[in-house]
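Have a look at the structure below, then the notes.
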Amino acid sequence: MNINTTKIISLLFFIFSAFYLYTAYQIQVFAFDENAPFNARTFPIYLGYAGLFFSGLKLILPDPNTIKVEHKTLEYKKTGILVLIAIIYGATILKVGYFLTTSLFLMGSYYFLGERRWVLIFMLSFPFVAAFMYLLHGVLEIYLRDPFLKLIGVMG
Amino acid sequence: MIEGILIGLTTALTFQNIFMVMIGCFFGTIIGMLPGLGPMTAIALMIPITYGFDPATGLILMAGVYYGAVFGGSTSSILLNAPGVPGTVATSFDGYPMAQQGKAGKALAIAAWSSFAGGTLAAIYLLFLAPSLSKVSLSFRSPDYFALMILGLTAIAAFSSKGQFIKAMMMVVLGLMLASVGQDSLSDITRFTFNNMNLTDGISFVLVVMATFAMSEALTIILKRNDPTAAAKQVSLTELGSIKIDKEERAKMLKTIPRTSIIGFLIGVLPGAGATIASFLAYGMERNLVNDKEKEKFGKGSVHGLAAPETANNAACSGAFVPLLTLGIPGSGTTAVMLGALLGFGIQPGPRLYMTNPEIFWSVIMSMYIGMVVLLILNLPLIPYIARILAVPKNYLIPLILFFSITGIYVMSFNNFDIYLMIGIAVVATFMRLYDFPMPPLILAFVLGGLMEENLRRSLLLSDGSWTFLWDRTLTACILSTTILIVGWQIYKTIAKKN
């Protein structure tokens, strides 16, 4: 049997809505608020039912515009690597600092997306990030935490 | 009103704000020219930078980006038959054939002048309409607001779903669910945080916008092997020709512009409708209004056919500000992003905005006009050069979009969790985009979530828990009836289509 992916997504959304609704009922409200016309759990409960209603409707109603995605043509590998680099970037940015991690993230992304001109890769990473940092930190006075630059004495 | 206009001009005509409009228009044009990256992405990428400015300047910058992106979309429609944004699809019907006849420069000039005229006329309508509407909307009560928000969400789902209304409504519910995470605004009770301290304050609006637009659009481009810059590379090779418009063409434009600006503006005011519907409707209406000889030219490079959608889409952009500025309810995904940014500044748009923050209210209206002038005198002659900048390969473009997105979150929270959450939401959004789940309804719902709950709370408390507040007032009942009609019609269409 060929299962429509949109229906699978709808089923997942149905399960998610059921879980959301269950969690909404578990929200602890103050005792004096328990029987009030509106408390912290009222709106989420309605949302949970709305989620069940629409995803249920999508599941039972016919799907006139079935979307077919050719998975073979999709670039999963590069996308996955890019997401992985972004996660590593997110994990190191606070400990190492903005300048070094951002520059390395950009270098890595350019390289994995197929760029091999090292001069361009370098120019659009370290000097570019330095200029951007100056714009944010120096001109717009938006604070940027950077232990690495602090360590080498560039940033106060 | 004169006093307000002067306040607006004083604020908008400072060196810093004019510079911001120019930067916004320039940046918006670049992003708008790239197929797949629209005004919402452009504005989302700008949000972290706007936090370095005062609210008026931040909003002026975003308005400039908005208009620039629409203008950029028209350029790629005319030169490449590749609309950068949906609102400029109708522009390609006559703009592209004109460019193929060696009159690309002329087509761009007609589009630019029509956009300028449409935007200017709409800014004038807004100038007169917004204060009056603000006064009228002061009589709105919580039930009316609640009903109006439901109508706005339903309408955006109906218009943005390309026949997939239920999917769009699922995205609306998901947006509202995401908005419900964190502390309840009244009781401070935490909801859906699962004892994670990082979620106590809720999910940041910038995070959701960056994840669902900027980041997921970048990932979609890589995943689908698209190259948005490939089209731009051809532009630099195109001979544009003269940008002069002759007397006969001017006369045709003078007939088209006033009527299509009105229809564009009115469509823009409607919640959820926006530039795409306005441009198609104006194109269709114009074809019916011209004589038979002109009618035959439609689709083959008609001046009327090009001026109509261009006037209407710009007028609609200004019209979309009406519900935002007067009711505090955005009518489109783009104005929802702007509302989110305003809330970030601690400003609540609504009927009292022009009394409490007149400098913001009027300077935004004035900056629209300045934006139009900037687009006309700066961007039109610069198009070939902007196109060359766009020839940057996607190998550079995508990492730079990801870099701006992550930096945006980093400077706001200095928190690893937010970066992981953004990446997670972006991955899910990328997957959902593949199956045509629209993102603008999610953003609008996320922005309106808090306000909607607040108005429902007040309505239920006032009516002592009874849902009769939905039909007690005629206005509320009318708004709700319209919503029910839209939902019923959309579900009927889904069933009828299959049968």
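Please note that chains go A, B, ... in the order of the structure tokens, that every chain numbers its residues from 1, and that ligands are numbered from 1 in the order shown.
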Among range 309-498 of chain B, which ones does DSSP assign to helix (DSSP H, G or I) (computed from the backbone)? Answer as a PyMOL selection string. chain B and resi 309-319+321-327+333-344+353-356+358-390+394-413+416-434+440-462+469-472+474-498
Each residue of chain B with at least one atom at most 8 Å from chain A should appear once, together with its nearest atom pair and the corresponding distance in Å (one decimal); atoms considered: only C-alpha atoms; ordering: chain, then increasing residue number; output as a tab-separated table.
```
residue	atom	partner	partner_atom	distance
B:Ile49	CA	A:Leu136	CA	7.8
B:Gly52	CA	A:Leu140	CA	5.4
B:Phe53	CA	A:Leu140	CA	7.7
B:Gly163	CA	A:Asn65	CA	7.7
B:Gln164	CA	A:Asn65	CA	7.6
B:Ile166	CA	A:Phe54	CA	6.2
B:Lys167	CA	A:Lys58	CA	7.4
B:Met169	CA	A:Phe54	CA	6.8
B:Met170	CA	A:Phe54	CA	6.0
B:Val173	CA	A:Gly51	CA	5.9
B:Leu174	CA	A:Gly51	CA	7.6
B:Leu176	CA	A:Leu47	CA	7.3
B:Met177	CA	A:Leu47	CA	6.7
B:Ser180	CA	A:Pro44	CA	6.9
B:Asp184	CA	A:Ala40	CA	6.1
B:Ser187	CA	A:Ala40	CA	7.0
B:Ile189	CA	A:Ala40	CA	6.9
B:Thr190	CA	A:Ile27	CA	8.0
B:Arg191	CA	A:Ile27	CA	6.4
B:Phe192	CA	A:Thr23	CA	7.2
B:Leu219	CA	A:Thr79	CA	6.3
B:Ile222	CA	A:Thr79	CA	6.1
B:Leu223	CA	A:Glu75	CA	4.5
B:Lys224	CA	A:Leu74	CA	5.3
B:Arg225	CA	A:Glu75	CA	6.5
B:Asn395	CA	A:Leu113	CA	5.3
B:Tyr396	CA	A:Tyr110	CA	6.0
B:Pro399	CA	A:Ser109	CA	5.8
B:Leu400	CA	A:Leu106	CA	7.4
B:Leu402	CA	A:Ala86	CA	7.9
B:Phe403	CA	A:Leu106	CA	7.4
B:Ile406	CA	A:Gly90	CA	7.8
B:Val411	CA	A:Leu144	CA	6.5
B:Phe414	CA	A:Leu94	CA	7.1
B:Asn415	CA	A:Leu94	CA	7.6
B:Asn416	CA	A:Gly90	CA	5.8
B:Ile419	CA	A:Gly90	CA	5.7
B:Tyr420	CA	A:Ile87	CA	6.6
B:Ile423	CA	A:Val83	CA	7.3
B:Leu434	CA	A:Val69	CA	7.1
B:Tyr435	CA	A:Ile67	CA	5.9
B:Asp436	CA	A:Ile67	CA	7.5
B:Glu453	CA	A:Phe43	CA	6.3
B:Arg457	CA	A:Phe38	CA	5.9
B:Leu460	CA	A:Pro37	CA	6.2
B:Leu461	CA	A:Pro37	CA	6.0
B:Asp464	CA	A:Pro37	CA	6.2
B:Gly465	CA	A:Pro37	CA	4.4
B:Thr494	CA	A:Pro64	CA	6.9
B:Ile495	CA	A:Pro62	CA	6.9
B:Lys497	CA	A:Pro64	CA	6.3
B:Lys498	CA	A:Pro64	CA	5.3
```
Contact residues around Gly350 in chain B with only C-alpha atoms at 6 Å, ignoring same-chain residues under 5 positions, as an MDAnalysis selection string: chainID B and resid 325:328
Write out as a PyMOL selection string all residues of range 125-374 of chain B that DSSP puts in strand (DSSP E or B) for this structure's backbone. chain B and resi 182-183+190-191
Could those residues be written to a file, using N, CA and C atoms, as a short mmCIF file (atom, residue, chain, number, x, y, z; two decimals), in the first residue's frame?
```
data_model
loop_
_atom_site.label_atom_id
_atom_site.label_comp_id
_atom_site.auth_asym_id
_atom_site.auth_seq_id
_atom_site.Cartn_x
_atom_site.Cartn_y
_atom_site.Cartn_z
N GLY B 182 5.78 28.54 27.80
CA GLY B 182 6.34 29.54 28.74
C GLY B 182 5.34 29.96 29.79
N GLN B 183 5.67 31.07 30.48
CA GLN B 183 4.80 31.53 31.58
C GLN B 183 3.50 32.12 31.06
N THR B 190 3.92 28.22 34.65
CA THR B 190 4.66 27.78 33.45
C THR B 190 3.89 26.67 32.73
N ARG B 191 3.95 26.73 31.39
CA ARG B 191 3.22 25.75 30.58
C ARG B 191 4.15 25.17 29.52
#
```
Considering only C-alpha atoms, state which residue in the set A:Leu104, A:Val154, A:Lys72, A:Leu11 is at the smallest distance from Ile85 in chain A. A:Leu104
When distances are computed from only C-alpha atoms, which of B:Ala56, B:Ala147, B:Val322, B:Thr10 shows the smallest separation from Ala477 in chain B?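 Looking at the shortest contact to Ala477 in chain B, the residue is B:Ala147.
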